[in-house]
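Written below as structure tokens is the structure these notes are about.
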Amino acid sequence: MMQTFKIFRYNPDEDKNPYYKTYQVDVQEGMTVLDVLNEIKWKLDGSLTFRRSCRHGICGSCAMTINGLNRLACETQVKALGGGTVEVEPLRHYPVIKDLAVDMEDFYKKYEAVKPYFIAGTSPTDKERYQSIEDRKKIDGSYECILCGACTSSCPSYWANPNFLGPAALLAAYRFVFDSRDEGMGERLPILNSRHGLWRCHTIFNCTICPKSLNPTWAIGELKKKVISEKY
Ligand code: SF4
Ligand code: FES
């Protein structure tokens with residue numbers, strides 16, 4: 001069935017302003033929005049720019065705004081969008097590099113700022129650092145993050161204050177603060193408790209748009225409790 005796709009286009013080197021371009025694509029059963037973008041790029045308009053890699057919801061690179069919601073193009077079935085014109089735009093509140101590709105540099109700087117790696121204060125023994133099943137469960141819902149940026153892009157606190165660490169970075173902090181094997185809490189909590197840290201989250205829940213069904217708002221709440229209950 002032929003369907004219309006209205007795609008955001010902008011090449012800062014050539015265009016004075018962004019604009020939308022429409023394409024007619026023959027959508028077959030089972031096609032995702034990423035399949036449609038590939039179809040456009042390969043057969044209709046090679047100048048269209050977007051990011052993708054895994055095609056399986058793992059790499060996070062195809063996050064974009066589809067019919068107004070942040071989603072992964074490779075996981076979004078066209079049929080599930082309910083028919084009519086499909087509007088595809090870049091993730092909001094990141095600078096556009098070209099068309100649907102945005103600049104994630106600031107996003108990764110925030111991620112780096114929370115020290116997203118194990119910090120060991122003690123030397124390892126001759127064994128691995130074991131963890132109980134209960135302790136392991138505490139990090140469920142955080143390590144699955146694929147760093148697609150959809151949550152931070154949808155966060156009104158981040159729109160208002162670009163210095164705010166944002167939901168993805170704070171979820172990464174949760175992943176290590178609540179891991180029983182990590183010993184870096186004393187380094188991390190002051191960062192989270194800083195001027196542009198977790199108190200800038202006003203529990204708006206927009207970040208629960210997460211395509212992996214994670215809940216950064218909940219994790220930030222747990223970090224807030226940790227900060228006020230721990231001495232560091
Ligand atoms: S928490 Fe979800 S929306 Fe945010 S970066 Fe990770 S996978 Fe993407
Ligand atoms: S292409 Fe990797 S998440 Fe979509």
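Going through the structure tokens in order, the chains are called A, B, and so on, while each chain numbers its residues from 1 and the ligands are numbered from 1 in the order shown.
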
- Message: Taking only C-alpha atoms and all ligand atoms into account, which residues have an atom no farther than 7 Å from ligand 1? I'd like them as a VMD selection string.
- Response: chain A and resid 60 144 to 152 167 to 168 171 207 209 to 216

Could you give me, as a Markdown table, a per-residue list for chain A showing, wherever an atom lies at most 8 Å from an atom of ligand 2, the closest pair of atoms and their distance in Å to one decimal, using only C-alpha atoms and all ligand atoms and sorting by chain then residue number from low to high?
```
| residue | atom | partner | partner_atom_place_in_ligand_line | distance |
| --- | --- | --- | --- | --- |
| A:Leu34 | CA | ligand 2 | 4 (Fe) | 7.6 |
| A:Arg51 | CA | ligand 2 | 1 (S) | 7.3 |
| A:Arg52 | CA | ligand 2 | 1 (S) | 4.0 |
| A:Ser53 | CA | ligand 2 | 1 (S) | 4.3 |
| A:Cys54 | CA | ligand 2 | 2 (Fe) | 3.9 |
| A:Arg55 | CA | ligand 2 | 1 (S) | 3.8 |
| A:His56 | CA | ligand 2 | 2 (Fe) | 5.5 |
| A:Gly57 | CA | ligand 2 | 3 (S) | 3.4 |
| A:Ile58 | CA | ligand 2 | 3 (S) | 4.6 |
| A:Cys59 | CA | ligand 2 | 2 (Fe) | 3.9 |
| A:Gly60 | CA | ligand 2 | 3 (S) | 3.9 |
| A:Ser61 | CA | ligand 2 | 2 (Fe) | 5.2 |
| A:Cys62 | CA | ligand 2 | 4 (Fe) | 4.3 |
| A:Ala63 | CA | ligand 2 | 4 (Fe) | 6.7 |
| A:Leu72 | CA | ligand 2 | 4 (Fe) | 5.4 |
| A:Ala73 | CA | ligand 2 | 4 (Fe) | 5.9 |
| A:Cys74 | CA | ligand 2 | 4 (Fe) | 4.4 |
| A:Glu75 | CA | ligand 2 | 4 (Fe) | 6.6 |
| A:Ile146 | CA | ligand 2 | 3 (S) | 7.8 |
| A:Cys148 | CA | ligand 2 | 3 (S) | 7.5 |
```

Dump as an mmCIF file, in the first residue's frame, selection limited to C-alpha atoms:
```cif
data_model
loop_
_atom_site.group_PDB
_atom_site.id
_atom_site.type_symbol
_atom_site.label_atom_id
_atom_site.label_comp_id
_atom_site.auth_asym_id
_atom_site.auth_seq_id
_atom_site.Cartn_x
_atom_site.Cartn_y
_atom_site.Cartn_z
ATOM 1 C CA LEU A 34 13.750 2.155 9.384
ATOM 2 C CA ARG A 51 21.754 6.826 11.718
ATOM 3 C CA ARG A 52 21.237 3.118 12.055
ATOM 4 C CA SER A 53 23.334 0.072 12.694
ATOM 5 C CA CYS A 54 21.957 -3.027 14.413
ATOM 6 C CA ARG A 55 18.348 -3.013 13.100
ATOM 7 C CA HIS A 56 17.347 -4.845 16.291
ATOM 8 C CA GLY A 57 16.832 -2.235 19.019
ATOM 9 C CA ILE A 58 20.295 -2.767 20.478
ATOM 10 C CA CYS A 59 22.648 -0.041 19.264
ATOM 11 C CA GLY A 60 20.380 2.941 20.018
ATOM 12 C CA SER A 61 21.456 4.844 16.927
ATOM 13 C CA CYS A 62 18.079 5.034 15.121
ATOM 14 C CA ALA A 63 16.200 6.971 17.847
ATOM 15 C CA LEU A 72 13.500 3.563 17.651
ATOM 16 C CA ALA A 73 12.854 3.515 13.906
ATOM 17 C CA CYS A 74 13.936 -0.127 13.677
ATOM 18 C CA GLU A 75 11.401 -1.216 16.297
ATOM 19 C CA ILE A 146 21.200 1.398 25.011
ATOM 20 C CA CYS A 148 19.641 6.071 22.477
#
```

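Summary of the local environment: counting only C-alpha atoms, residues at most 9 Å from segment 94-96 of chain A, other than itself and those fewer than 4 positions away along its chain, are Tyr10, Asn11, Pro12, Pro90, Leu100, Ala101, Val102, Asp103, Met104, Asp106, Phe107 and Ser153 of chain A.
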
Contacts between segment 180-185 of chain A and segment 127-152 of chain A, please, where a residue of segment 127-152 of chain A counts if it comes within 8 Å (with only C-alpha atoms); show its shortest atom pair and distance in Å to one decimal, rows by chain and ascending number, as JSON lines.
```
{"residue": "A:Arg129", "atom": "CA", "partner": "A:Arg181", "partner_atom": "CA", "distance": 6.5}
{"residue": "A:Tyr130", "atom": "CA", "partner": "A:Arg181", "partner_atom": "CA", "distance": 7.6}
{"residue": "A:Gln131", "atom": "CA", "partner": "A:Ser180", "partner_atom": "CA", "distance": 6.9}
{"residue": "A:Asp135", "atom": "CA", "partner": "A:Ser180", "partner_atom": "CA", "distance": 6.3}
{"residue": "A:Arg136", "atom": "CA", "partner": "A:Ser180", "partner_atom": "CA", "distance": 7.9}
```

Any chance you could export the current selection's N, CA, C and O atoms as a compact mmCIF listing (two decimals), in the first residue's frame?
```
# COMPACT_ATOMS: atom_id res chain seq x y z
N ARG A 129 34.57 -10.87 41.74
CA ARG A 129 33.77 -10.15 42.74
C ARG A 129 32.34 -10.69 42.68
O ARG A 129 31.56 -10.29 41.82
N TYR A 130 32.03 -11.61 43.58
CA TYR A 130 30.71 -12.25 43.56
C TYR A 130 29.62 -11.30 44.02
O TYR A 130 29.87 -10.35 44.75
N GLN A 131 28.42 -11.65 43.59
CA GLN A 131 27.26 -10.85 43.93
C GLN A 131 26.10 -11.81 44.18
O GLN A 131 25.95 -12.79 43.45
N ASP A 135 21.23 -9.00 45.20
CA ASP A 135 21.96 -7.77 44.84
C ASP A 135 21.96 -7.56 43.33
O ASP A 135 21.84 -6.44 42.84
N ARG A 136 22.10 -8.65 42.62
CA ARG A 136 22.08 -8.54 41.14
C ARG A 136 20.76 -7.96 40.65
O ARG A 136 20.71 -7.16 39.72
```

Quick one: pick out all strand (DSSP E) residues within segment 23-186 of chain A from a backbone DSSP run and write them as a PDB file with all heavy atoms, in the first residue's frame.
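Output file result-v3.pdb follows:
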```pdb
ATOM      1  N   TYR A  23       7.520  11.840   0.760  1.00  0.00           N
ATOM      2  CA  TYR A  23       7.863  10.724  -0.127  1.00  0.00           C
ATOM      3  C   TYR A  23       6.713   9.728  -0.096  1.00  0.00           C
ATOM      4  O   TYR A  23       6.099   9.516   0.958  1.00  0.00           O
ATOM      5  CB  TYR A  23       9.129   9.999   0.365  1.00  0.00           C
ATOM      6  CG  TYR A  23      10.349  10.881   0.476  1.00  0.00           C
ATOM      7  CD1 TYR A  23      10.616  11.575   1.661  1.00  0.00           C
ATOM      8  CD2 TYR A  23      11.231  11.017  -0.587  1.00  0.00           C
ATOM      9  CE1 TYR A  23      11.739  12.385   1.768  1.00  0.00           C
ATOM     10  CE2 TYR A  23      12.360  11.827  -0.481  1.00  0.00           C
ATOM     11  CZ  TYR A  23      12.604  12.506   0.699  1.00  0.00           C
ATOM     12  OH  TYR A  23      13.719  13.305   0.807  1.00  0.00           O
ATOM     13  N   GLN A  24       6.443   9.121  -1.219  1.00  0.00           N
ATOM     14  CA  GLN A  24       5.454   8.041  -1.285  1.00  0.00           C
ATOM     15  C   GLN A  24       6.214   6.720  -1.300  1.00  0.00           C
ATOM     16  O   GLN A  24       7.083   6.529  -2.152  1.00  0.00           O
ATOM     17  CB  GLN A  24       4.625   8.140  -2.576  1.00  0.00           C
ATOM     18  CG  GLN A  24       3.842   9.428  -2.727  1.00  0.00           C
ATOM     19  CD  GLN A  24       2.702   9.513  -1.718  1.00  0.00           C
ATOM     20  OE1 GLN A  24       2.064   8.499  -1.431  1.00  0.00           O
ATOM     21  NE2 GLN A  24       2.486  10.701  -1.178  1.00  0.00           N
ATOM     22  N   VAL A  25       5.909   5.857  -0.361  1.00  0.00           N
ATOM     23  CA  VAL A  25       6.611   4.568  -0.294  1.00  0.00           C
ATOM     24  C   VAL A  25       5.584   3.439  -0.283  1.00  0.00           C
ATOM     25  O   VAL A  25       4.549   3.526   0.393  1.00  0.00           O
ATOM     26  CB  VAL A  25       7.495   4.494   0.986  1.00  0.00           C
ATOM     27  CG1 VAL A  25       8.209   3.144   1.083  1.00  0.00           C
ATOM     28  CG2 VAL A  25       8.517   5.626   1.002  1.00  0.00           C
ATOM     29  N   ASP A  26       5.891   2.400  -1.027  1.00  0.00           N
ATOM     30  CA  ASP A  26       5.029   1.221  -1.051  1.00  0.00           C
ATOM     31  C   ASP A  26       5.346   0.379   0.187  1.00  0.00           C
ATOM     32  O   ASP A  26       6.378  -0.294   0.249  1.00  0.00           O
ATOM     33  CB  ASP A  26       5.311   0.425  -2.338  1.00  0.00           C
ATOM     34  CG  ASP A  26       4.338  -0.720  -2.514  1.00  0.00           C
ATOM     35  OD1 ASP A  26       3.339  -0.773  -1.753  1.00  0.00           O
ATOM     36  OD2 ASP A  26       4.579  -1.559  -3.396  1.00  0.00           O
ATOM     37  N   ALA A  63      17.248   6.249  17.103  1.00  0.00           N
ATOM     38  CA  ALA A  63      16.200   6.971  17.847  1.00  0.00           C
ATOM     39  C   ALA A  63      15.844   8.245  17.105  1.00  0.00           C
ATOM     40  O   ALA A  63      16.723   8.985  16.655  1.00  0.00           O
ATOM     41  CB  ALA A  63      16.693   7.291  19.253  1.00  0.00           C
ATOM     42  N   MET A  64      14.556   8.485  16.944  1.00  0.00           N
ATOM     43  CA  MET A  64      14.072   9.700  16.279  1.00  0.00           C
ATOM     44  C   MET A  64      12.638   9.954  16.704  1.00  0.00           C
ATOM     45  O   MET A  64      12.043   9.140  17.429  1.00  0.00           O
ATOM     46  CB  MET A  64      14.215   9.581  14.757  1.00  0.00           C
ATOM     47  CG  MET A  64      13.625   8.364  14.147  1.00  0.00           C
ATOM     48  SD  MET A  64      14.071   8.156  12.391  1.00  0.00           S
ATOM     49  CE  MET A  64      15.781   7.612  12.450  1.00  0.00           C
ATOM     50  N   THR A  65      12.094  11.078  16.281  1.00  0.00           N
ATOM     51  CA  THR A  65      10.723  11.422  16.658  1.00  0.00           C
ATOM     52  C   THR A  65       9.795  10.996  15.525  1.00  0.00           C
ATOM     53  O   THR A  65       9.923  11.482  14.398  1.00  0.00           O
ATOM     54  CB  THR A  65      10.611  12.936  16.910  1.00  0.00           C
ATOM     55  OG1 THR A  65      11.623  13.302  17.847  1.00  0.00           O
ATOM     56  CG2 THR A  65       9.267  13.311  17.492  1.00  0.00           C
ATOM     57  N   ILE A  66       8.918  10.063  15.830  1.00  0.00           N
ATOM     58  CA  ILE A  66       8.014   9.518  14.810  1.00  0.00           C
ATOM     59  C   ILE A  66       6.580   9.795  15.246  1.00  0.00           C
ATOM     60  O   ILE A  66       6.176   9.376  16.331  1.00  0.00           O
ATOM     61  CB  ILE A  66       8.257   8.003  14.627  1.00  0.00           C
ATOM     62  CG1 ILE A  66       9.712   7.748  14.216  1.00  0.00           C
ATOM     63  CG2 ILE A  66       7.286   7.409  13.616  1.00  0.00           C
ATOM     64  CD1 ILE A  66      10.157   6.301  14.301  1.00  0.00           C
ATOM     65  N   LEU A  69       6.424  11.200  18.814  1.00  0.00           N
ATOM     66  CA  LEU A  69       6.960  10.492  19.974  1.00  0.00           C
ATOM     67  C   LEU A  69       8.362   9.977  19.693  1.00  0.00           C
ATOM     68  O   LEU A  69       8.656   9.545  18.565  1.00  0.00           O
ATOM     69  CB  LEU A  69       6.064   9.299  20.345  1.00  0.00           C
ATOM     70  CG  LEU A  69       4.669   9.617  20.892  1.00  0.00           C
ATOM     71  CD1 LEU A  69       3.923   8.324  21.197  1.00  0.00           C
ATOM     72  CD2 LEU A  69       4.744  10.468  22.159  1.00  0.00           C
ATOM     73  N   ASN A  70       9.201   9.988  20.695  1.00  0.00           N
ATOM     74  CA  ASN A  70      10.559   9.462  20.541  1.00  0.00           C
ATOM     75  C   ASN A  70      10.505   7.934  20.495  1.00  0.00           C
ATOM     76  O   ASN A  70      10.001   7.297  21.426  1.00  0.00           O
ATOM     77  CB  ASN A  70      11.441   9.909  21.707  1.00  0.00           C
ATOM     78  CG  ASN A  70      11.686  11.389  21.688  1.00  0.00           C
ATOM     79  OD1 ASN A  70      11.304  12.061  20.744  1.00  0.00           O
ATOM     80  ND2 ASN A  70      12.323  11.911  22.718  1.00  0.00           N
ATOM     81  N   ARG A  71      11.064   7.364  19.428  1.00  0.00           N
ATOM     82  CA  ARG A  71      11.013   5.908  19.266  1.00  0.00           C
ATOM     83  C   ARG A  71      12.256   5.448  18.514  1.00  0.00           C
ATOM     84  O   ARG A  71      12.967   6.263  17.925  1.00  0.00           O
ATOM     85  CB  ARG A  71       9.797   5.469  18.440  1.00  0.00           C
ATOM     86  CG  ARG A  71       8.510   6.211  18.726  1.00  0.00           C
ATOM     87  CD  ARG A  71       7.417   5.665  17.819  1.00  0.00           C
ATOM     88  NE  ARG A  71       6.345   6.612  17.641  1.00  0.00           N
ATOM     89  CZ  ARG A  71       5.054   6.341  17.810  1.00  0.00           C
ATOM     90  NH1 ARG A  71       4.685   5.143  18.183  1.00  0.00           N
ATOM     91  NH2 ARG A  71       4.124   7.244  17.593  1.00  0.00           N
ATOM     92  N   LEU A  72      12.457   4.138  18.499  1.00  0.00           N
ATOM     93  CA  LEU A  72      13.500   3.563  17.651  1.00  0.00           C
ATOM     94  C   LEU A  72      12.858   3.235  16.306  1.00  0.00           C
ATOM     95  O   LEU A  72      11.862   2.497  16.250  1.00  0.00           O
ATOM     96  CB  LEU A  72      14.061   2.284  18.273  1.00  0.00           C
ATOM     97  CG  LEU A  72      14.792   2.427  19.614  1.00  0.00           C
ATOM     98  CD1 LEU A  72      15.246   1.052  20.112  1.00  0.00           C
ATOM     99  CD2 LEU A  72      15.966   3.382  19.511  1.00  0.00           C
ATOM    100  N   VAL A  86       2.939   9.620   7.878  1.00  0.00           N
ATOM    101  CA  VAL A  86       3.856   9.400   9.009  1.00  0.00           C
ATOM    102  C   VAL A  86       4.895  10.520   9.003  1.00  0.00           C
ATOM    103  O   VAL A  86       5.553  10.755   7.982  1.00  0.00           O
ATOM    104  CB  VAL A  86       4.547   8.025   8.892  1.00  0.00           C
ATOM    105  CG1 VAL A  86       5.578   7.842  10.016  1.00  0.00           C
ATOM    106  CG2 VAL A  86       3.515   6.906   8.925  1.00  0.00           C
ATOM    107  N   GLU A  87       5.011  11.206  10.133  1.00  0.00           N
ATOM    108  CA  GLU A  87       5.958  12.327  10.226  1.00  0.00           C
ATOM    109  C   GLU A  87       7.219  11.860  10.967  1.00  0.00           C
ATOM    110  O   GLU A  87       7.116  11.303  12.062  1.00  0.00           O
ATOM    111  CB  GLU A  87       5.300  13.477  10.981  1.00  0.00           C
ATOM    112  CG  GLU A  87       6.066  14.768  10.883  1.00  0.00           C
ATOM    113  CD  GLU A  87       5.265  15.935  11.456  1.00  0.00           C
ATOM    114  OE1 GLU A  87       5.346  16.142  12.669  1.00  0.00           O
ATOM    115  OE2 GLU A  87       4.546  16.599  10.700  1.00  0.00           O
ATOM    116  N   VAL A  88       8.356  12.078  10.348  1.00  0.00           N
ATOM    117  CA  VAL A  88       9.618  11.628  10.953  1.00  0.00           C
ATOM    118  C   VAL A  88      10.533  12.837  11.134  1.00  0.00           C
ATOM    119  O   VAL A  88      10.835  13.558  10.182  1.00  0.00           O
ATOM    120  CB  VAL A  88      10.308  10.562  10.071  1.00  0.00           C
ATOM    121  CG1 VAL A  88      11.533   9.989  10.795  1.00  0.00           C
ATOM    122  CG2 VAL A  88       9.344   9.441   9.712  1.00  0.00           C
ATOM    123  N   GLU A  89      10.970  13.037  12.383  1.00  0.00           N
ATOM    124  CA  GLU A  89      11.819  14.197  12.711  1.00  0.00           C
ATOM    125  C   GLU A  89      12.992  13.743  13.564  1.00  0.00           C
ATOM    126  O   GLU A  89      12.947  12.662  14.170  1.00  0.00           O
ATOM    127  CB  GLU A  89      10.994  15.219  13.511  1.00  0.00           C
ATOM    128  CG  GLU A  89       9.773  15.728  12.779  1.00  0.00           C
ATOM    129  CD  GLU A  89       8.809  16.438  13.722  1.00  0.00           C
ATOM    130  OE1 GLU A  89       8.276  15.797  14.646  1.00  0.00           O
ATOM    131  OE2 GLU A  89       8.610  17.644  13.532  1.00  0.00           O
ATOM    132  N   VAL A  96      20.908  19.631  15.230  1.00  0.00           N
ATOM    133  CA  VAL A  96      20.826  18.773  14.033  1.00  0.00           C
ATOM    134  C   VAL A  96      22.136  18.868  13.262  1.00  0.00           C
ATOM    135  O   VAL A  96      22.611  19.962  12.945  1.00  0.00           O
ATOM    136  CB  VAL A  96      19.648  19.209  13.136  1.00  0.00           C
ATOM    137  CG1 VAL A  96      19.668  18.454  11.814  1.00  0.00           C
ATOM    138  CG2 VAL A  96      18.331  18.976  13.864  1.00  0.00           C
ATOM    139  N   ILE A  97      22.728  17.728  12.968  1.00  0.00           N
ATOM    140  CA  ILE A  97      23.924  17.704  12.104  1.00  0.00           C
ATOM    141  C   ILE A  97      23.463  17.716  10.653  1.00  0.00           C
ATOM    142  O   ILE A  97      23.883  18.533   9.851  1.00  0.00           O
ATOM    143  CB  ILE A  97      24.779  16.458  12.377  1.00  0.00           C
ATOM    144  CG1 ILE A  97      25.315  16.479  13.813  1.00  0.00           C
ATOM    145  CG2 ILE A  97      25.939  16.365  11.373  1.00  0.00           C
ATOM    146  CD1 ILE A  97      26.030  15.216  14.219  1.00  0.00           C
ATOM    147  N   LYS A  98      22.570  16.812  10.340  1.00  0.00           N
ATOM    148  CA  LYS A  98      21.945  16.794   9.001  1.00  0.00           C
ATOM    149  C   LYS A  98      20.711  15.898   9.059  1.00  0.00           C
ATOM    150  O   LYS A  98      20.786  14.770   9.573  1.00  0.00           O
ATOM    151  CB  LYS A  98      22.932  16.278   7.948  1.00  0.00           C
ATOM    152  CG  LYS A  98      22.393  16.365   6.536  1.00  0.00           C
ATOM    153  CD  LYS A  98      23.483  16.063   5.507  1.00  0.00           C
ATOM    154  CE  LYS A  98      22.938  16.127   4.100  1.00  0.00           C
ATOM    155  NZ  LYS A  98      22.099  15.009   3.735  1.00  0.00           N
ATOM    156  N   ALA A 101      19.953  13.096  11.723  1.00  0.00           N
ATOM    157  CA  ALA A 101      21.134  12.808  12.563  1.00  0.00           C
ATOM    158  C   ALA A 101      21.419  14.012  13.470  1.00  0.00           C
ATOM    159  O   ALA A 101      21.573  15.132  12.988  1.00  0.00           O
ATOM    160  CB  ALA A 101      22.344  12.513  11.692  1.00  0.00           C
ATOM    161  N   VAL A 102      21.450  13.753  14.782  1.00  0.00           N
ATOM    162  CA  VAL A 102      21.690  14.850  15.731  1.00  0.00           C
ATOM    163  C   VAL A 102      23.055  14.693  16.405  1.00  0.00           C
ATOM    164  O   VAL A 102      23.652  13.605  16.419  1.00  0.00           O
ATOM    165  CB  VAL A 102      20.579  14.906  16.808  1.00  0.00           C
ATOM    166  CG1 VAL A 102      19.254  15.300  16.199  1.00  0.00           C
ATOM    167  CG2 VAL A 102      20.469  13.591  17.575  1.00  0.00           C
TER     168      VAL A 102
END
```

- Which residues, written as a PyMOL selection string, have at least one atom at most 9 Å from Lys224 of chain A, with only C-alpha atoms counted and residues fewer than 2 positions away on the same chain left out? chain A and resi 192-193+198-199+219-222+226-229

Grab the residues selected above and save them as a PDB file, in the first residue's frame with N, CA, C and O atoms.
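Just written: selection_27.pdb:
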```pdb
ATOM      1  N   LEU A 192      26.202  13.759  41.658  1.00  0.00           N
ATOM      2  CA  LEU A 192      24.741  13.690  41.502  1.00  0.00           C
ATOM      3  C   LEU A 192      24.048  14.766  42.327  1.00  0.00           C
ATOM      4  O   LEU A 192      22.993  15.276  41.958  1.00  0.00           O
ATOM      5  N   ASN A 193      24.649  15.118  43.461  1.00  0.00           N
ATOM      6  CA  ASN A 193      24.059  16.083  44.396  1.00  0.00           C
ATOM      7  C   ASN A 193      24.458  17.525  44.047  1.00  0.00           C
ATOM      8  O   ASN A 193      24.160  18.440  44.795  1.00  0.00           O
ATOM      9  N   LEU A 198      20.783  15.615  40.260  1.00  0.00           N
ATOM     10  CA  LEU A 198      19.468  14.973  40.278  1.00  0.00           C
ATOM     11  C   LEU A 198      18.334  15.828  40.819  1.00  0.00           C
ATOM     12  O   LEU A 198      17.166  15.562  40.535  1.00  0.00           O
ATOM     13  N   TRP A 199      18.661  16.906  41.587  1.00  0.00           N
ATOM     14  CA  TRP A 199      17.568  17.736  42.117  1.00  0.00           C
ATOM     15  C   TRP A 199      16.908  18.565  41.019  1.00  0.00           C
ATOM     16  O   TRP A 199      15.857  19.171  41.244  1.00  0.00           O
ATOM     17  N   ALA A 219      14.395   5.626  38.912  1.00  0.00           N
ATOM     18  CA  ALA A 219      15.797   5.462  39.333  1.00  0.00           C
ATOM     19  C   ALA A 219      16.332   6.747  39.969  1.00  0.00           C
ATOM     20  O   ALA A 219      17.058   6.705  40.974  1.00  0.00           O
ATOM     21  N   ILE A 220      15.941   7.891  39.412  1.00  0.00           N
ATOM     22  CA  ILE A 220      16.392   9.172  39.972  1.00  0.00           C
ATOM     23  C   ILE A 220      15.816   9.342  41.384  1.00  0.00           C
ATOM     24  O   ILE A 220      16.499   9.818  42.300  1.00  0.00           O
ATOM     25  N   GLY A 221      14.579   8.900  41.568  1.00  0.00           N
ATOM     26  CA  GLY A 221      13.965   8.946  42.912  1.00  0.00           C
ATOM     27  C   GLY A 221      14.772   8.122  43.907  1.00  0.00           C
ATOM     28  O   GLY A 221      15.003   8.544  45.049  1.00  0.00           O
ATOM     29  N   GLU A 222      15.209   6.945  43.480  1.00  0.00           N
ATOM     30  CA  GLU A 222      16.023   6.087  44.366  1.00  0.00           C
ATOM     31  C   GLU A 222      17.361   6.756  44.677  1.00  0.00           C
ATOM     32  O   GLU A 222      17.866   6.679  45.798  1.00  0.00           O
ATOM     33  N   LYS A 226      19.026   7.925  48.227  1.00  0.00           N
ATOM     34  CA  LYS A 226      20.392   7.504  48.581  1.00  0.00           C
ATOM     35  C   LYS A 226      21.216   8.714  49.019  1.00  0.00           C
ATOM     36  O   LYS A 226      21.932   8.661  50.029  1.00  0.00           O
ATOM     37  N   VAL A 227      21.108   9.791  48.266  1.00  0.00           N
ATOM     38  CA  VAL A 227      21.914  10.982  48.573  1.00  0.00           C
ATOM     39  C   VAL A 227      21.565  11.534  49.958  1.00  0.00           C
ATOM     40  O   VAL A 227      22.453  11.926  50.712  1.00  0.00           O
ATOM     41  N   ILE A 228      20.263  11.537  50.306  1.00  0.00           N
ATOM     42  CA  ILE A 228      19.914  12.116  51.609  1.00  0.00           C
ATOM     43  C   ILE A 228      20.114  11.131  52.762  1.00  0.00           C
ATOM     44  O   ILE A 228      20.111  11.529  53.920  1.00  0.00           O
ATOM     45  N   SER A 229      20.325   9.854  52.454  1.00  0.00           N
ATOM     46  CA  SER A 229      20.487   8.895  53.555  1.00  0.00           C
ATOM     47  C   SER A 229      21.935   8.460  53.767  1.00  0.00           C
ATOM     48  O   SER A 229      22.262   7.853  54.781  1.00  0.00           O
TER      49      SER A 229
END
```

- Which of segment 53-191 of chain A DSSP labels alpha helix (DSSP H), written as an MDAnalysis selection string: chainID A and resid 105:113 133:137 150:153 156:160 166:177 185:191

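If only C-alpha atoms are the atoms counted, then among A:Gln77, A:Leu189, A:Tyr20, A:Ala169 the closest residue to Asp35 of chain A is A:Gln77.
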
- Note on the structure: Nearest to Tyr143 of chain A, restricted to only C-alpha atoms and choosing among A:Phe205, A:Tyr108, A:Trp218, A:Tyr174, comes out as A:Tyr174

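Comparing the minimum interatomic distances between Trp159 of chain A and each of A:Arg92, A:Lys225, A:Phe178, A:Lys43, counting only C-alpha atoms, we find that A:Arg92 sits nearest.
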
- Between A:Lys79, A:Ser194, A:Pro162, A:Thr32, which has the minimum distance to Met1 of chain A (counting only C-alpha atoms)? A:Lys79

- Query: Which of these residues is nearest to Ile204 of chain A, using only C-alpha atoms: A:Ser154, A:Tyr117, A:Glu230, A:Gly30?
  - Reply: A:Ser154

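Each of A:Gly68, A:Gly197, A:Pro116, A:Pro156 was compared to His93 of chain A using only C-alpha atoms, and A:Pro156 turns out to be the nearest.
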
- Long-range neighbours of Lys21 of chain A as a PyMOL selection string, 9 Å cut-off, only C-alpha atoms, 6 positions minimum in chain: chain A and resi 5-9

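Atom CA of Leu223 of chain A to atom CA of Thr122 of chain A spans 23.5 Å [interatomic distance, one decimal].
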